[in-house]
file structure24.txt (compact mmCIF, C-alpha atoms (C1' of nucleotides))
# COMPACT_ATOMS: atom_id res chain seq x y z
CA MET A 813 106.30 104.05 102.17
CA THR A 814 103.24 103.62 100.02
CA ALA A 815 101.47 101.54 102.57
CA ALA A 816 98.53 99.49 101.39
CA LEU A 817 95.31 101.43 101.05
CA PRO A 818 93.42 99.60 103.81
CA VAL A 819 96.29 100.29 106.20
CA ILE A 820 96.23 104.03 105.52
CA CYS A 821 92.45 104.09 105.81
CA ALA A 822 92.68 102.23 109.11
CA ALA A 823 95.11 104.86 110.35
CA LEU A 824 92.58 107.53 109.38
CA GLY A 825 89.75 105.58 110.94
CA ASP A 826 90.49 106.40 114.54
CA PRO A 827 88.83 109.58 115.83
CA THR A 828 91.73 110.42 118.14
CA ARG A 829 94.20 110.10 115.27
CA TRP A 830 91.95 112.30 113.19
CA GLU A 831 92.06 114.89 115.95
CA ILE A 832 95.82 114.65 116.08
CA LEU A 833 96.07 115.05 112.32
CA THR A 834 93.80 118.08 112.42
CA ARG A 835 96.06 119.76 114.96
CA LEU A 836 99.21 118.80 113.08
CA GLY A 837 97.66 120.18 109.93
CA GLU A 838 97.54 123.61 111.55
CA GLY A 839 101.17 123.51 112.53
CA PRO A 840 103.96 121.41 114.02
CA MET A 841 103.46 120.21 117.58
CA SER A 842 105.18 117.94 120.07
CA ALA A 843 103.55 114.91 121.66
CA SER A 844 103.43 116.65 125.01
CA ALA A 845 101.78 119.71 123.51
CA LEU A 846 99.18 117.48 121.87
CA ALA A 847 98.56 115.70 125.15
CA ARG A 848 97.76 119.05 126.76
CA VAL A 849 94.99 119.89 124.32
CA LEU A 850 93.61 116.40 123.78
CA PRO A 851 91.87 114.24 126.39
CA VAL A 852 94.39 111.40 126.18
CA SER A 853 97.74 110.72 127.75
CA ARG A 854 101.06 111.58 126.19
CA GLN A 855 101.90 107.92 125.73
CA ALA A 856 98.69 107.27 123.83
CA ILE A 857 99.48 110.24 121.61
CA GLY A 858 102.91 108.78 121.00
CA LYS A 859 101.46 105.48 119.82
CA HIS A 860 99.07 107.23 117.48
CA LEU A 861 101.90 109.31 116.10
CA GLU A 862 103.87 106.17 115.39
CA VAL A 863 100.94 104.68 113.48
CA LEU A 864 100.54 107.86 111.48
CA ARG A 865 104.24 108.03 110.75
CA GLU A 866 104.25 104.39 109.58
CA VAL A 867 101.78 105.20 106.83
CA GLY A 868 103.45 108.47 105.92
CA LEU A 869 100.73 110.79 107.14
CA VAL A 870 103.01 112.42 109.68
CA GLU A 871 106.66 113.39 109.68
CA SER A 872 108.67 113.95 112.82
CA GLU A 873 111.72 116.02 113.50
CA GLN A 874 113.88 116.30 116.59
CA ARG A 875 114.17 119.90 117.68
CA GLY A 876 116.37 120.11 120.70
CA ARG A 877 114.72 118.47 123.65
CA GLU A 878 111.43 117.80 121.96
CA VAL A 879 110.20 116.09 118.81
CA VAL A 880 107.83 118.08 116.64
CA HIS A 881 105.37 116.35 114.32
CA LEU A 882 103.64 117.61 111.20
CA ALA A 883 100.85 116.33 108.96
CA VAL A 884 101.93 115.42 105.43
CA GLY A 885 99.34 116.63 102.95
CA ALA A 886 101.00 115.03 99.96
CA ARG A 887 100.39 111.53 101.31
CA LEU A 888 96.74 112.30 101.88
CA GLY A 889 96.48 113.65 98.36
CA ALA A 890 97.98 110.47 96.95
CA LEU A 891 95.46 108.42 98.86
CA ALA A 892 92.65 110.63 97.59
CA ARG A 893 93.74 110.08 94.00
CA GLU A 894 93.82 106.31 94.50
CA LEU A 895 90.37 106.26 96.02
CA ASP A 896 89.00 108.48 93.27
CA ARG A 897 90.43 106.19 90.62
CA ILE A 898 88.88 103.13 92.23
CA GLY A 899 85.54 104.86 92.64
CA ARG A 900 85.53 105.76 88.95
CA SER A 901 86.28 102.17 87.99
CA TRP A 902 83.34 101.00 90.03
CA GLU A 903 81.05 103.42 88.26
CA THR A 904 82.40 102.34 84.91
CA ARG A 905 81.63 98.71 85.67
CA LEU A 906 78.19 99.72 86.85
CA LEU A 907 77.50 101.58 83.64
CA ARG A 908 78.60 98.56 81.62
CA ILE A 909 76.27 96.31 83.54
CA LYS A 910 73.34 98.65 83.14
CA GLU A 911 74.15 99.04 79.50
CA VAL A 912 74.06 95.31 78.95
CA ALA A 913 70.88 94.97 80.99
CA GLU A 914 69.04 97.68 79.07
CA ARG A 915 70.35 96.71 75.69
CA PRO A 916 67.50 95.41 73.51
CA GLY A 917 69.62 92.38 72.92
CA PRO A 918 68.26 89.64 70.67
CA HIS A 919 68.90 86.69 72.96
CA THR A 920 71.83 87.29 75.31
CA ARG A 921 70.10 86.09 78.42
CA GLY A 922 69.78 82.77 80.13
CA ALA A 923 73.06 80.98 79.64
CA SER A 924 75.18 83.25 81.83
CA GLY A 925 73.74 82.52 85.22
CA MET B 1209 77.11 114.47 104.79
CA THR B 1210 76.18 110.84 105.23
CA ALA B 1211 78.87 109.71 107.61
CA ALA B 1212 81.85 111.37 109.26
CA LEU B 1213 85.16 110.94 107.49
CA PRO B 1214 86.81 108.80 110.19
CA VAL B 1215 83.84 106.45 110.12
CA ILE B 1216 84.09 105.93 106.37
CA CYS B 1217 87.85 105.46 106.62
CA ALA B 1218 87.36 102.93 109.40
CA ALA B 1219 84.96 101.03 107.15
CA LEU B 1220 87.65 101.02 104.46
CA GLY B 1221 90.32 100.03 106.95
CA ASP B 1222 89.40 96.37 107.26
CA PRO B 1223 91.09 94.06 104.72
CA THR B 1224 88.10 91.76 104.48
CA ARG B 1225 85.79 94.68 103.77
CA TRP B 1226 88.24 95.87 101.16
CA GLU B 1227 88.09 92.45 99.51
CA ILE B 1228 84.32 92.58 99.57
CA LEU B 1229 84.32 96.03 98.02
CA THR B 1230 86.70 94.90 95.32
CA ARG B 1231 84.37 92.06 94.37
CA LEU B 1232 81.30 94.27 94.51
CA GLY B 1233 83.08 96.77 92.32
CA GLU B 1234 83.25 94.16 89.58
CA GLY B 1235 79.57 93.42 89.75
CA PRO B 1236 76.62 92.80 92.05
CA MET B 1237 76.83 89.76 94.32
CA SER B 1238 74.88 88.21 97.15
CA ALA B 1239 76.30 87.58 100.62
CA SER B 1240 76.28 83.84 100.01
CA ALA B 1241 78.12 84.24 96.74
CA LEU B 1242 80.74 86.36 98.48
CA ALA B 1243 81.08 83.78 101.22
CA ARG B 1244 81.90 81.17 98.58
CA VAL B 1245 84.83 83.10 97.18
CA LEU B 1246 86.13 84.63 100.42
CA PRO B 1247 87.62 82.75 103.37
CA VAL B 1248 84.99 83.94 105.84
CA SER B 1249 81.54 82.81 106.81
CA ARG B 1250 78.36 84.20 105.32
CA GLN B 1251 77.39 85.81 108.62
CA ALA B 1252 80.68 87.66 108.82
CA ILE B 1253 80.16 88.87 105.27
CA GLY B 1254 76.71 90.07 106.26
CA LYS B 1255 78.08 92.14 109.11
CA HIS B 1256 80.70 93.72 106.87
CA LEU B 1257 78.04 94.51 104.29
CA GLU B 1258 75.97 96.23 106.94
CA VAL B 1259 78.96 98.38 107.94
CA LEU B 1260 79.61 99.26 104.32
CA ARG B 1261 75.97 100.07 103.71
CA GLU B 1262 75.88 102.30 106.80
CA VAL B 1263 78.54 104.57 105.34
CA GLY B 1264 77.06 104.50 101.85
CA LEU B 1265 79.82 102.49 100.19
CA VAL B 1266 77.45 99.67 99.29
CA GLU B 1267 73.85 99.53 98.15
CA SER B 1268 71.65 96.47 98.47
CA GLU B 1269 68.67 95.32 96.52
CA GLN B 1270 66.33 92.41 97.06
CA ARG B 1271 66.18 90.27 93.96
CA GLY B 1272 63.79 87.45 94.52
CA ARG B 1273 65.14 85.09 97.12
CA GLU B 1274 68.50 86.73 97.45
CA VAL B 1275 69.84 90.20 98.20
CA VAL B 1276 72.45 91.52 95.80
CA HIS B 1277 74.97 94.15 96.87
CA LEU B 1278 76.96 96.62 94.81
CA ALA B 1279 79.82 99.03 95.49
CA VAL B 1280 78.93 102.71 95.20
CA GLY B 1281 81.72 104.56 93.42
CA ALA B 1282 80.16 107.98 93.93
CA ARG B 1283 80.54 107.75 97.69
CA LEU B 1284 84.18 106.82 97.35
CA GLY B 1285 84.70 109.74 94.99
CA ALA B 1286 83.16 112.12 97.50
CA LEU B 1287 85.49 110.83 100.18
CA ALA B 1288 88.44 111.24 97.85
CA ARG B 1289 87.55 114.87 97.19
CA GLU B 1290 87.26 115.57 100.91
CA LEU B 1291 90.63 114.01 101.64
CA ASP B 1292 92.25 115.86 98.77
CA ARG B 1293 90.87 119.17 100.02
CA ILE B 1294 92.19 118.52 103.53
CA GLY B 1295 95.57 117.46 102.21
CA ARG B 1296 95.86 120.66 100.21
CA SER B 1297 94.98 122.74 103.27
CA TRP B 1298 97.78 121.03 105.18
CA GLU B 1299 100.26 121.89 102.49
CA THR B 1300 99.07 125.46 102.43
CA ARG B 1301 99.64 125.82 106.17
CA LEU B 1302 103.04 124.25 105.79
CA LEU B 1303 104.02 126.75 103.12
CA ARG B 1304 102.89 129.60 105.37
CA ILE B 1305 104.99 128.32 108.22
CA LYS B 1306 108.05 127.92 106.06
CA GLU B 1307 107.49 131.39 104.67
CA VAL B 1308 107.42 132.89 108.14
CA ALA B 1309 110.44 130.87 109.20
CA GLU B 1310 112.51 132.04 106.26
CA ARG B 1311 111.43 135.65 106.55
CA PRO B 1312 114.41 137.83 107.53
CA GLY B 1313 113.30 138.94 110.98
CA PRO B 1314 115.00 141.03 113.70
CA HIS B 1315 117.34 138.28 114.79
CA THR B 1316 117.28 135.35 112.42
CA ARG B 1317 118.90 132.24 113.72
CA GLY B 1318 120.60 130.38 110.96
CA ALA B 1319 118.79 127.08 111.29
CA SER B 1320 119.42 125.10 108.16
CA GLY B 1321 118.02 121.59 108.09
C1' DC C 466 54.43 69.75 98.02
C1' DC C 467 59.26 69.17 99.51
C1' DC C 468 63.94 70.27 99.61
C1' DA C 469 67.75 73.14 98.77
C1' DT C 470 69.24 77.76 98.95
C1' DG C 471 69.46 82.35 101.02
C1' DT C 472 68.82 85.35 104.83
C1' DG C 473 68.48 87.30 109.60
C1' DC C 474 69.12 87.23 114.58
C1' DA C 475 71.47 85.85 118.83
C1' DA C 476 75.09 84.02 121.70
C1' DT C 477 79.86 83.16 122.05
C1' DC C 478 84.98 83.35 121.60
C1' DG C 479 89.62 85.03 120.67
C1' DT C 480 92.29 88.79 119.28
C1' DT C 481 93.37 93.32 118.46
C1' DG C 482 94.00 97.85 119.79
C1' DA C 483 93.28 102.06 122.50
C1' DG C 484 94.37 103.87 126.80
C1' DT C 485 96.68 104.10 131.34
C1' DT C 486 100.43 103.85 134.77
C1' DG C 487 105.20 103.45 136.01
C1' DC C 488 110.02 104.08 135.38
C1' DA C 489 114.48 105.31 133.29
C1' DT C 490 116.82 108.56 130.27
C1' DT C 491 117.92 112.78 128.00
C1' DT C 492 118.13 117.72 127.46
C1' DC C 493 117.26 122.65 128.19
C1' DG C 494 117.44 126.52 131.42
C1' DA C 495 118.42 128.95 135.78
C1' DT D 291 125.25 121.53 138.67
C1' DC D 292 120.39 120.66 139.65
C1' DG D 293 115.64 120.54 138.59
C1' DA D 294 111.89 120.67 135.31
C1' DA D 295 110.22 119.17 131.04
C1' DA D 296 110.08 115.89 127.19
C1' DT D 297 110.72 111.42 125.49
C1' DG D 298 110.92 106.20 125.05
C1' DC D 299 109.98 101.60 126.57
C1' DA D 300 107.32 98.07 128.99
C1' DA D 301 103.46 95.90 131.38
C1' DC D 302 98.68 96.00 132.17
C1' DT D 303 93.49 96.65 131.74
C1' DC D 304 89.46 96.66 129.15
C1' DA D 305 86.22 97.36 125.59
C1' DA D 306 85.40 96.77 120.68
C1' DC D 307 85.58 94.02 116.74
C1' DG D 308 86.09 90.24 113.60
C1' DA D 309 84.64 85.69 113.15
C1' DT D 310 82.21 81.46 114.20
C1' DT D 311 78.31 78.43 115.28
C1' DG D 312 73.52 77.44 115.82
C1' DC D 313 68.84 78.14 114.83
C1' DA D 314 64.50 79.87 112.79
C1' DC D 315 62.25 81.71 108.75
C1' DA D 316 61.35 82.80 103.92
C1' DT D 317 61.57 81.70 99.01
C1' DG D 318 62.29 79.51 94.52
C1' DG D 319 62.73 75.28 91.72
C1' DG D 320 61.85 70.38 90.62
call {"tool": "encode", "arguments": {"input": "structure24.txt", "output": "structure tokens"}}
result
Amino acid sequence: MTAALPVICAALGDPTRWEILTRLGEGPMSASALARVLPVSRQAIGKHLEVLREVGLVESEQRGREVVHLAVGARLGALARELDRIGRSWETRLLRIKEVAERPGPHTRGASG
Amino acid sequence: MTAALPVICAALGDPTRWEILTRLGEGPMSASALARVLPVSRQAIGKHLEVLREVGLVESEQRGREVVHLAVGARLGALARELDRIGRSWETRLLRIKEVAERPGPHTRGASG
DNA sequence: CCCATGTGCAATCGTTGAGTTGCATTTCGA
DNA sequence: TCGAAATGCAACTCAACGATTGCACATGGG
């Protein structure tokens, strides 16, 4: 679980996977059902589902003859929190830099380059 | 809306770009400076920076002879909010489905687990 | 001025990954 | 039982992408 952030983002980076996730967010579906409404083959869908399951964005469950898949919102929420935290840290650093740059410092320049 | 969500996620999906972003989150750097600390050529860095700038994750500024780049935390925060919203919608749908499934209907099949 | 540094553009190469086709297997329903 | 539907695995094609090299141009410092 808890795959590295770039890996999860890469999983979200493919437009077809995004389409799949959108459908699975509306309700559970099988790979064959997805292949009927999306312009790709069932096998391609299956590969995408495996990628999504690897990073925890999708959970699968065997229901009789078919396997139904469902989007996991909690994992996406966790990713969102991570990204938000990182974004805030970037802004904090930026504020520090600006603060130092605009500070009417006596003579803090020159030696740090 | 600057760039579609999958596009931004794809930009975040590459490990090298993630490294670049991490460095640029600590402070502004030029492409050459990044190439000195990362195991890739300056040209490769330049291409990654262009991708990151396209989706608004990096801003660039000409400072004399060199161009310094900086990570934009606000854009990452916006992405995080979008992902969080989507994740919550998925969970909401899931709750609805479970609710319907557990509702005592005309002929409820005892499916547990 | 002259050289070192920094940048941009173009061509190229190897790998990755998305997508397809084919086949064997399993399972539900008539 | 028999067929239709769903799945999994494997081999293959092909375009996109990451990365490199080479070259030309601009700029700042000694």
call {"tool": "closest_atom_pairs", "arguments": {"input": "structure24.txt", "of": "chain B", "to": "chain A", "cutoff": "8 Å", "atoms": "all atoms listed in the file", "output": "tab-separated table"}}
result
residue	atom	partner	partner_atom	distance
B:Leu1213	CA	A:Gly825	CA	7.9
B:Pro1214	CA	A:Gly825	CA	4.4
B:Val1215	CA	A:Gly825	CA	6.0
B:Ile1216	CA	A:Gly825	CA	7.3
B:Cys1217	CA	A:Gly825	CA	4.7
B:Ala1218	CA	A:Gly825	CA	3.9
B:Ala1219	CA	A:Gly825	CA	7.6
B:Leu1220	CA	A:Cys821	CA	5.9
B:Gly1221	CA	A:Ala822	CA	3.9
B:Asp1222	CA	A:Pro818	CA	6.2
B:Pro1223	CA	A:Pro818	CA	6.1
B:Trp1226	CA	A:Pro818	CA	6.9
B:Gly1233	CA	A:Trp902	CA	4.8
B:Glu1234	CA	A:Arg905	CA	6.2
B:Gly1235	CA	A:Arg905	CA	7.0
B:Ala1279	CA	A:Trp902	CA	6.8
B:Val1280	CA	A:Trp902	CA	7.0
B:Gly1281	CA	A:Gly899	CA	3.9
B:Ala1282	CA	A:Gly899	CA	6.4
B:Arg1283	CA	A:Gly899	CA	7.7
B:Leu1284	CA	A:Gly899	CA	5.3
B:Gly1285	CA	A:Asp896	CA	4.8
B:Leu1287	CA	A:Ala892	CA	7.6
B:Ala1288	CA	A:Ala892	CA	4.3
B:Arg1289	CA	A:Ala892	CA	6.6
B:Leu1291	CA	A:Ala892	CA	5.6
B:Asp1292	CA	A:Gly889	CA	4.8
B:Ile1294	CA	A:Gly885	CA	7.4
B:Gly1295	CA	A:Gly885	CA	3.9
B:Arg1296	CA	A:Gly885	CA	6.0
B:Ser1297	CA	A:Gly885	CA	7.5
B:Trp1298	CA	A:Gly837	CA	4.8
B:Glu1299	CA	A:Gly885	CA	5.4
B:Arg1301	CA	A:Glu838	CA	6.2
B:Leu1302	CA	A:Gly839	CA	7.0
B:Ile1305	CA	A:Gly839	CA	7.5
call {"tool": "residues_near_point", "arguments": {"input": "structure24.txt", "point": "(82.0, 82.0, 121.1)", "cutoff": "10 Å", "atoms": "all atoms listed in the file", "output": "list in words"}}
result
DA476, DT477, DC478 and DG479 of chain C; DA309, DT310 and DT311 of chain D
call {"tool": "interface_residues", "arguments": {"input": "structure24.txt", "of": "chain C", "to": "chain A", "cutoff": "10 Å", "atoms": "all atoms listed in the file", "output": "list of chain:residue names"}}
result
C:DA483, C:DG484, C:DT485, C:DT491, C:DT492, C:DC493
call {"tool": "interface_residues", "arguments": {"input": "structure24.txt", "of": "chain D", "to": "chain B", "cutoff": "12 Å", "atoms": "all atoms listed in the file", "output": "list in words"}}
result
DC307, DG308, DA309, DT310, DT311, DG312, DA316, DT317, DG318 and DG319 of chain D
call {"tool": "closest_residue", "arguments": {"input": "structure24.txt", "among": "A:Ile832, A:Ala815, A:Leu907, A:Ala847", "to": "Glu866 (chain A)", "atoms": "only C-alpha atoms"}}
result
A:Ala815
call {"tool": "calpha_fit_and_write", "arguments": {"input": "structure24.txt", "fixed": "chain A", "moving": "chain B", "output": "PDB file with C-alpha atoms, in the coordinates of the input"}}
result
ATOM      1  CA  MET B1209     104.934 103.935  96.979  1.00  0.00           C
ATOM      2  CA  THR B1210     105.579 104.526 100.650  1.00  0.00           C
ATOM      3  CA  ALA B1211     102.973 102.287 102.190  1.00  0.00           C
ATOM      4  CA  ALA B1212     100.266 100.008 100.833  1.00  0.00           C
ATOM      5  CA  LEU B1213      96.817 101.527 100.569  1.00  0.00           C
ATOM      6  CA  PRO B1214      95.181  99.332 103.232  1.00  0.00           C
ATOM      7  CA  VAL B1215      97.928 100.267 105.668  1.00  0.00           C
ATOM      8  CA  ILE B1216      97.376 103.987 105.167  1.00  0.00           C
ATOM      9  CA  CYS B1217      93.616 103.533 105.443  1.00  0.00           C
ATOM     10  CA  ALA B1218      94.079 101.550 108.640  1.00  0.00           C
ATOM     11  CA  ALA B1219      96.147 104.417 110.033  1.00  0.00           C
ATOM     12  CA  LEU B1220      93.287 106.769 109.162  1.00  0.00           C
ATOM     13  CA  GLY B1221      90.720 104.390 110.598  1.00  0.00           C
ATOM     14  CA  ASP B1222      91.344 105.113 114.262  1.00  0.00           C
ATOM     15  CA  PRO B1223      89.291 108.000 115.709  1.00  0.00           C
ATOM     16  CA  THR B1224      92.050 109.088 118.053  1.00  0.00           C
ATOM     17  CA  ARG B1225      94.547 109.227 115.204  1.00  0.00           C
ATOM     18  CA  TRP B1226      92.033 111.215 113.215  1.00  0.00           C
ATOM     19  CA  GLU B1227      91.776 113.694 116.083  1.00  0.00           C
ATOM     20  CA  ILE B1228      95.538 113.939 116.217  1.00  0.00           C
ATOM     21  CA  LEU B1229      95.726 114.544 112.488  1.00  0.00           C
ATOM     22  CA  THR B1230      93.077 117.221 112.713  1.00  0.00           C
ATOM     23  CA  ARG B1231      95.085 119.072 115.347  1.00  0.00           C
ATOM     24  CA  LEU B1232      98.335 118.643 113.454  1.00  0.00           C
ATOM     25  CA  GLY B1233      96.628 119.950 110.357  1.00  0.00           C
ATOM     26  CA  GLU B1234      96.047 123.242 112.139  1.00  0.00           C
ATOM     27  CA  GLY B1235      99.653 123.596 113.133  1.00  0.00           C
ATOM     28  CA  PRO B1236     102.691 121.804 114.524  1.00  0.00           C
ATOM     29  CA  MET B1237     102.380 120.381 118.034  1.00  0.00           C
ATOM     30  CA  SER B1238     104.381 118.229 120.395  1.00  0.00           C
ATOM     31  CA  ALA B1239     103.156 114.925 121.822  1.00  0.00           C
ATOM     32  CA  SER B1240     102.814 116.474 125.264  1.00  0.00           C
ATOM     33  CA  ALA B1241     100.794 119.355 123.901  1.00  0.00           C
ATOM     34  CA  LEU B1242      98.491 116.903 122.149  1.00  0.00           C
ATOM     35  CA  ALA B1243      98.122 114.898 125.331  1.00  0.00           C
ATOM     36  CA  ARG B1244      96.902 118.036 127.097  1.00  0.00           C
ATOM     37  CA  VAL B1245      94.057 118.628 124.682  1.00  0.00           C
ATOM     38  CA  LEU B1246      93.120 115.001 123.977  1.00  0.00           C
ATOM     39  CA  PRO B1247      91.682 112.512 126.466  1.00  0.00           C
ATOM     40  CA  VAL B1248      94.568 110.063 126.139  1.00  0.00           C
ATOM     41  CA  SER B1249      97.968 109.727 127.704  1.00  0.00           C
ATOM     42  CA  ARG B1250     101.144 111.087 126.179  1.00  0.00           C
ATOM     43  CA  GLN B1251     102.474 107.584 125.559  1.00  0.00           C
ATOM     44  CA  ALA B1252      99.375 106.624 123.618  1.00  0.00           C
ATOM     45  CA  ILE B1253      99.750 109.776 121.554  1.00  0.00           C
ATOM     46  CA  GLY B1254     103.350 108.821 120.881  1.00  0.00           C
ATOM     47  CA  LYS B1255     102.362 105.425 119.549  1.00  0.00           C
ATOM     48  CA  HIS B1256      99.738 106.942 117.271  1.00  0.00           C
ATOM     49  CA  LEU B1257     102.271 109.459 116.003  1.00  0.00           C
ATOM     50  CA  GLU B1258     104.659 106.651 115.177  1.00  0.00           C
ATOM     51  CA  VAL B1259     101.939 104.871 113.178  1.00  0.00           C
ATOM     52  CA  LEU B1260     101.118 108.071 111.337  1.00  0.00           C
ATOM     53  CA  ARG B1261     104.763 108.773 110.632  1.00  0.00           C
ATOM     54  CA  GLU B1262     105.256 105.235 109.303  1.00  0.00           C
ATOM     55  CA  VAL B1263     102.705 105.821 106.563  1.00  0.00           C
ATOM     56  CA  GLY B1264     103.929 109.329 105.808  1.00  0.00           C
ATOM     57  CA  LEU B1265     100.900 111.197 107.129  1.00  0.00           C
ATOM     58  CA  VAL B1266     102.953 112.998 109.760  1.00  0.00           C
ATOM     59  CA  GLU B1267     106.440 114.451 109.827  1.00  0.00           C
ATOM     60  CA  SER B1268     108.388 115.125 112.999  1.00  0.00           C
ATOM     61  CA  GLU B1269     111.117 117.562 113.785  1.00  0.00           C
ATOM     62  CA  GLN B1270     113.232 117.997 116.879  1.00  0.00           C
ATOM     63  CA  ARG B1271     112.984 121.544 118.134  1.00  0.00           C
ATOM     64  CA  GLY B1272     115.158 121.941 121.150  1.00  0.00           C
ATOM     65  CA  ARG B1273     113.794 119.925 124.018  1.00  0.00           C
ATOM     66  CA  GLU B1274     110.617 118.888 122.310  1.00  0.00           C
ATOM     67  CA  VAL B1275     109.633 117.156 119.080  1.00  0.00           C
ATOM     68  CA  VAL B1276     106.986 118.894 117.011  1.00  0.00           C
ATOM     69  CA  HIS B1277     104.779 116.965 114.598  1.00  0.00           C
ATOM     70  CA  LEU B1278     102.870 118.136 111.550  1.00  0.00           C
ATOM     71  CA  ALA B1279     100.280 116.609 109.225  1.00  0.00           C
ATOM     72  CA  VAL B1280     101.459 116.022 105.663  1.00  0.00           C
ATOM     73  CA  GLY B1281      98.720 117.012 103.235  1.00  0.00           C
ATOM     74  CA  ALA B1282     100.598 115.782 100.177  1.00  0.00           C
ATOM     75  CA  ARG B1283     100.460 112.189 101.362  1.00  0.00           C
ATOM     76  CA  LEU B1284      96.740 112.431 101.933  1.00  0.00           C
ATOM     77  CA  GLY B1285      96.309 113.906  98.469  1.00  0.00           C
ATOM     78  CA  ALA B1286      98.216 111.016  96.936  1.00  0.00           C
ATOM     79  CA  LEU B1287      95.975 108.561  98.732  1.00  0.00           C
ATOM     80  CA  ALA B1288      92.917 110.436  97.535  1.00  0.00           C
ATOM     81  CA  ARG B1289      94.066 110.218  93.925  1.00  0.00           C
ATOM     82  CA  GLU B1290      94.671 106.484  94.247  1.00  0.00           C
ATOM     83  CA  LEU B1291      91.239 105.883  95.724  1.00  0.00           C
ATOM     84  CA  ASP B1292      89.588 108.025  93.084  1.00  0.00           C
ATOM     85  CA  ARG B1293      91.329 106.095  90.315  1.00  0.00           C
ATOM     86  CA  ILE B1294      90.203 102.767  91.778  1.00  0.00           C
ATOM     87  CA  GLY B1295      86.662 104.009  92.234  1.00  0.00           C
ATOM     88  CA  ARG B1296      86.509 105.086  88.609  1.00  0.00           C
ATOM     89  CA  SER B1297      87.772 101.685  87.468  1.00  0.00           C
ATOM     90  CA  TRP B1298      84.975 100.037  89.436  1.00  0.00           C
ATOM     91  CA  GLU B1299      82.398 102.185  87.741  1.00  0.00           C
ATOM     92  CA  THR B1300      83.881 101.432  84.365  1.00  0.00           C
ATOM     93  CA  ARG B1301      83.604  97.689  84.965  1.00  0.00           C
ATOM     94  CA  LEU B1302      80.064  98.156  86.157  1.00  0.00           C
ATOM     95  CA  LEU B1303      79.119  99.996  82.986  1.00  0.00           C
ATOM     96  CA  ARG B1304      80.641  97.200  80.906  1.00  0.00           C
ATOM     97  CA  ILE B1305      78.641  94.599  82.752  1.00  0.00           C
ATOM     98  CA  LYS B1306      75.416  96.508  82.372  1.00  0.00           C
ATOM     99  CA  GLU B1307      76.173  97.005  78.703  1.00  0.00           C
ATOM    100  CA  VAL B1308      76.610  93.286  78.175  1.00  0.00           C
ATOM    101  CA  ALA B1309      73.509  92.516  80.204  1.00  0.00           C
ATOM    102  CA  GLU B1310      71.349  94.861  78.171  1.00  0.00           C
ATOM    103  CA  ARG B1311      72.750  93.751  74.842  1.00  0.00           C
ATOM    104  CA  PRO B1312      70.042  91.983  72.809  1.00  0.00           C
ATOM    105  CA  GLY B1313      71.478  88.477  72.719  1.00  0.00           C
ATOM    106  CA  PRO B1314      70.155  85.171  71.312  1.00  0.00           C
ATOM    107  CA  HIS B1315      67.670  84.620  74.095  1.00  0.00           C
ATOM    108  CA  THR B1316      67.315  87.659  76.297  1.00  0.00           C
ATOM    109  CA  ARG B1317      65.530  87.062  79.528  1.00  0.00           C
ATOM    110  CA  GLY B1318      63.491  90.045  80.484  1.00  0.00           C
ATOM    111  CA  ALA B1319      65.031  90.736  83.864  1.00  0.00           C
ATOM    112  CA  SER B1320      64.019  94.200  84.907  1.00  0.00           C
ATOM    113  CA  GLY B1321      65.107  95.293  88.358  1.00  0.00           C
TER     114      GLY B1321
END
call {"tool": "atom_distance", "arguments": {"input": "structure24.txt", "atom1": "C1' of DA296 (chain D)", "atom2": "C1' of DT486 (chain C)"}}
result
17.2 Å
